[in-house]
Amino acid sequence: MTFPHPPAPMTPPARATPFRAARALAALLLPLGVHADPVRLATGHVDLRIDYDPQREPPLTLVISDDDQGINLDPTNTVLVVAEAARLQLPGDLPPLGNAGDPLWVLPQSQNPALLFLGLSAESNPQGVFADPLHIRLLAVDGPGSFFFWQAELGSLDFFFDPSDGITEADSYPEPVGGHSHGNWGFTTNGIYRVTFEAVGRPLDNPTPLRSPPVTFTFHVEPVPATPSPYRAWQNRHWPGLTNPA
């Protein structure tokens, strides 16, 4: 089926001014790679890419690859935007996505210039290191609705990430070394989603799989239901993907 197109001293102590406090906070944040203005990606070709570097610890990780710019981006400072144009109504009952008439925001597996073209990639990884395939595994979803990832093939829907019945080892996508794939990214309501993945690969010379640290990706499904308070907006700006509205 085809879908349409985050003792008191004698002299009173000096009070920290907002400016001093901000500088102190910045000094703490910058070594962590957290910046004031996150990168927002709303269109173009972007991948969640498995990145292997044997000289790095840990050697396996997940990054955001901006294929149009030819650069990698830090997921802690990047927001993946699911524009309002991605919203559709289900044409029929399609469990687990919903029932006929329910809204669903979908970044499709075929490219739409008005939307983010988001894929999964194991490109630029060396041959002869891992047994095929590598895996991108879902670990957690934090958001106002449900999240799914599937591929549509010959009228059937093949789900790879479906946390509706609990997250298990089966919530995993196999990507061949050097491979690159696309699918449908679905969200059942608008708001901020934080989706955590890990990369897994089995080295050819070791039966123990190599795993990346958990990496959380922030999706902004438009529109945000309500305008955040100035305090909440400040939190979201300085800690994208880390603030929890609850």
# chains A, B, ... in the order shown; residues from 1 in each chain; ligands from 1

$ residues_around --residues "Gly166 of chain A" --least-positions-apart "4" --cutoff "12 Å" --atoms "only C-alpha atoms" --output "PDB file with C-alpha atoms, in the first residue's frame"
ATOM      1  CA  LEU A 138      15.439   0.254  18.826  1.00  0.00           C
ATOM      2  CA  LEU A 139      15.920   0.679  22.617  1.00  0.00           C
ATOM      3  CA  ALA A 140      13.353   3.254  23.771  1.00  0.00           C
ATOM      4  CA  VAL A 141      10.725   5.736  22.610  1.00  0.00           C
ATOM      5  CA  SER A 146       3.379   5.884  18.958  1.00  0.00           C
ATOM      6  CA  PHE A 147       6.332   5.508  16.591  1.00  0.00           C
ATOM      7  CA  PHE A 161      10.422  -0.889  14.656  1.00  0.00           C
ATOM      8  CA  ASP A 162       7.036  -1.489  16.300  1.00  0.00           C
ATOM      9  CA  ALA A 170      13.075  -8.072  17.143  1.00  0.00           C
ATOM     10  CA  ASP A 171      12.849  -4.262  16.865  1.00  0.00           C
TER      11      ASP A 171
END

$ residues_around --residues "segment 43-51 of chain A" --least-positions-apart "2" --cutoff "8 Å" --atoms "only C-alpha atoms" --output "PyMOL selection string"
chain A and resi 41+53+59-68+113-125+136+199

$ write_last_selection --atoms "C-alpha atoms" --output "PDB file, in the first residue's frame"
ATOM      1  CA  LEU A  41      16.685  19.331   9.417  1.00  0.00           C
ATOM      2  CA  ASP A  53      36.407   3.823  13.845  1.00  0.00           C
ATOM      3  CA  PRO A  59      34.569   2.212  18.021  1.00  0.00           C
ATOM      4  CA  LEU A  60      30.942   1.838  16.965  1.00  0.00           C
ATOM      5  CA  THR A  61      28.392   4.652  17.139  1.00  0.00           C
ATOM      6  CA  LEU A  62      25.454   6.217  15.339  1.00  0.00           C
ATOM      7  CA  VAL A  63      25.554   9.637  13.702  1.00  0.00           C
ATOM      8  CA  ILE A  64      23.283  11.767  11.535  1.00  0.00           C
ATOM      9  CA  SER A  65      24.644  11.946   8.033  1.00  0.00           C
ATOM     10  CA  ASP A  66      23.557  14.982   5.996  1.00  0.00           C
ATOM     11  CA  ASP A  67      24.057  13.503   2.564  1.00  0.00           C
ATOM     12  CA  ASP A  68      23.326  16.754   0.721  1.00  0.00           C
ATOM     13  CA  PRO A 113      11.004  17.492  -1.720  1.00  0.00           C
ATOM     14  CA  ALA A 114       8.725  19.029   0.946  1.00  0.00           C
ATOM     15  CA  LEU A 115       9.775  16.465   3.583  1.00  0.00           C
ATOM     16  CA  LEU A 116      12.871  15.001   5.179  1.00  0.00           C
ATOM     17  CA  PHE A 117      14.100  11.962   3.247  1.00  0.00           C
ATOM     18  CA  LEU A 118      15.382   9.885   6.168  1.00  0.00           C
ATOM     19  CA  GLY A 119      17.249   6.626   5.669  1.00  0.00           C
ATOM     20  CA  LEU A 120      19.398   4.067   7.468  1.00  0.00           C
ATOM     21  CA  SER A 121      22.990   3.559   6.391  1.00  0.00           C
ATOM     22  CA  ALA A 122      26.090   1.425   6.968  1.00  0.00           C
ATOM     23  CA  GLU A 123      27.990   3.145   4.157  1.00  0.00           C
ATOM     24  CA  SER A 124      31.703   3.997   4.531  1.00  0.00           C
ATOM     25  CA  ASN A 125      32.238   1.024   6.835  1.00  0.00           C
ATOM     26  CA  ILE A 136      20.254  -0.703  14.093  1.00  0.00           C
ATOM     27  CA  ALA A 199      24.229  -0.107  16.526  1.00  0.00           C
TER      28      ALA A 199
END

$ atom_distance --atom1 "atom CA of Ala85 of chain A" --atom2 "atom CA of Leu157 of chain A"
21.9 Å

$ atom_distance --atom1 "atom CA of Glu153 of chain A" --atom2 "atom CA of Ile192 of chain A"
29.0 Å

$ residues_around --residues "segment 213-225 of chain A" --least-positions-apart "6" --cutoff "10 Å" --atoms "only C-alpha atoms" --output "number ranges by chain"
A: 6, 40-42, 48, 58-64, 74-87, 105-106, 137-143, 186-200, 240-242

$ decode --residues "segment 65-157 of chain A" --atoms "C-alpha atoms" --output "CSV table (one decimal), in the first residue's frame"
chain,number,residue,atom,x,y,z
A,65,SER,CA,24.6,11.9,8.0
A,66,ASP,CA,23.6,15.0,6.0
A,67,ASP,CA,24.1,13.5,2.6
A,68,ASP,CA,23.3,16.8,0.7
A,69,GLN,CA,26.1,18.6,2.6
A,70,GLY,CA,28.4,15.6,2.9
A,71,ILE,CA,28.8,16.0,6.7
A,72,ASN,CA,28.0,14.1,9.9
A,73,LEU,CA,26.0,15.8,12.7
A,74,ASP,CA,25.9,15.1,16.4
A,75,PRO,CA,22.5,13.7,17.3
A,76,THR,CA,22.5,15.5,20.7
A,77,ASN,CA,22.5,18.8,18.8
A,78,THR,CA,20.2,18.0,15.9
A,79,VAL,CA,16.4,18.0,15.5
A,80,LEU,CA,14.8,15.9,12.8
A,81,VAL,CA,11.7,17.7,11.7
A,82,VAL,CA,8.5,15.9,10.6
A,83,ALA,CA,6.7,18.7,8.8
A,84,GLU,CA,2.9,19.2,8.9
A,85,ALA,CA,2.9,18.3,5.3
A,86,ALA,CA,3.7,14.7,6.4
A,87,ARG,CA,0.3,14.4,7.9
A,88,LEU,CA,-2.3,12.1,6.3
A,89,GLN,CA,-5.4,10.1,7.2
A,90,LEU,CA,-5.4,6.4,7.2
A,91,PRO,CA,-7.4,5.1,4.3
A,92,GLY,CA,-8.5,2.0,6.3
A,93,ASP,CA,-7.9,0.1,9.4
A,94,LEU,CA,-4.2,-0.6,9.4
A,95,PRO,CA,-3.1,-2.2,12.7
A,96,PRO,CA,-0.8,-1.3,14.5
A,97,LEU,CA,-0.8,2.2,12.8
A,98,GLY,CA,-4.5,2.9,13.6
A,99,ASN,CA,-8.0,2.9,12.3
A,100,ALA,CA,-9.6,4.4,9.2
A,101,GLY,CA,-9.5,8.2,9.4
A,102,ASP,CA,-6.9,8.4,12.1
A,103,PRO,CA,-4.1,10.9,11.5
A,104,LEU,CA,-0.6,9.7,10.9
A,105,TRP,CA,2.6,11.7,10.2
A,106,VAL,CA,4.8,9.8,7.7
A,107,LEU,CA,8.3,10.5,6.4
A,108,PRO,CA,8.0,8.2,3.3
A,109,GLN,CA,10.5,5.8,1.9
A,110,SER,CA,10.2,7.6,-1.5
A,111,GLN,CA,11.6,11.1,-1.6
A,112,ASN,CA,9.2,14.1,-1.3
A,113,PRO,CA,11.0,17.5,-1.7
A,114,ALA,CA,8.7,19.0,0.9
A,115,LEU,CA,9.8,16.5,3.6
A,116,LEU,CA,12.9,15.0,5.2
A,117,PHE,CA,14.1,12.0,3.2
A,118,LEU,CA,15.4,9.9,6.2
A,119,GLY,CA,17.2,6.6,5.7
A,120,LEU,CA,19.4,4.1,7.5
A,121,SER,CA,23.0,3.6,6.4
A,122,ALA,CA,26.1,1.4,7.0
A,123,GLU,CA,28.0,3.1,4.2
A,124,SER,CA,31.7,4.0,4.5
A,125,ASN,CA,32.2,1.0,6.8
A,126,PRO,CA,35.2,-1.2,5.9
A,127,GLN,CA,34.7,-4.6,4.4
A,128,GLY,CA,36.2,-7.6,6.1
A,129,VAL,CA,35.6,-6.4,9.7
A,130,PHE,CA,32.0,-7.4,10.4
A,131,ALA,CA,29.9,-10.3,9.5
A,132,ASP,CA,26.9,-9.1,7.5
A,133,PRO,CA,24.6,-7.5,8.4
A,134,LEU,CA,25.0,-4.8,10.9
A,135,HIS,CA,21.9,-3.9,12.9
A,136,ILE,CA,20.3,-0.7,14.1
A,137,ARG,CA,18.2,-1.7,17.1
A,138,LEU,CA,15.4,0.3,18.8
A,139,LEU,CA,15.9,0.7,22.6
A,140,ALA,CA,13.4,3.3,23.8
A,141,VAL,CA,10.7,5.7,22.6
A,142,ASP,CA,9.7,8.8,24.6
A,143,GLY,CA,6.9,10.8,23.0
A,144,PRO,CA,3.2,11.8,23.0
A,145,GLY,CA,2.2,9.0,20.6
A,146,SER,CA,3.4,5.9,19.0
A,147,PHE,CA,6.3,5.5,16.6
A,148,PHE,CA,6.8,3.0,13.8
A,149,PHE,CA,9.2,2.2,11.0
A,150,TRP,CA,8.2,0.0,8.1
A,151,GLN,CA,8.8,-0.7,4.5
A,152,ALA,CA,6.0,-1.2,1.9
A,153,GLU,CA,6.8,-3.9,-0.6
A,154,LEU,CA,4.3,-5.3,-3.2
A,155,GLY,CA,1.3,-4.3,-1.1
A,156,SER,CA,2.6,-5.6,2.2
A,157,LEU,CA,3.8,-3.6,5.2
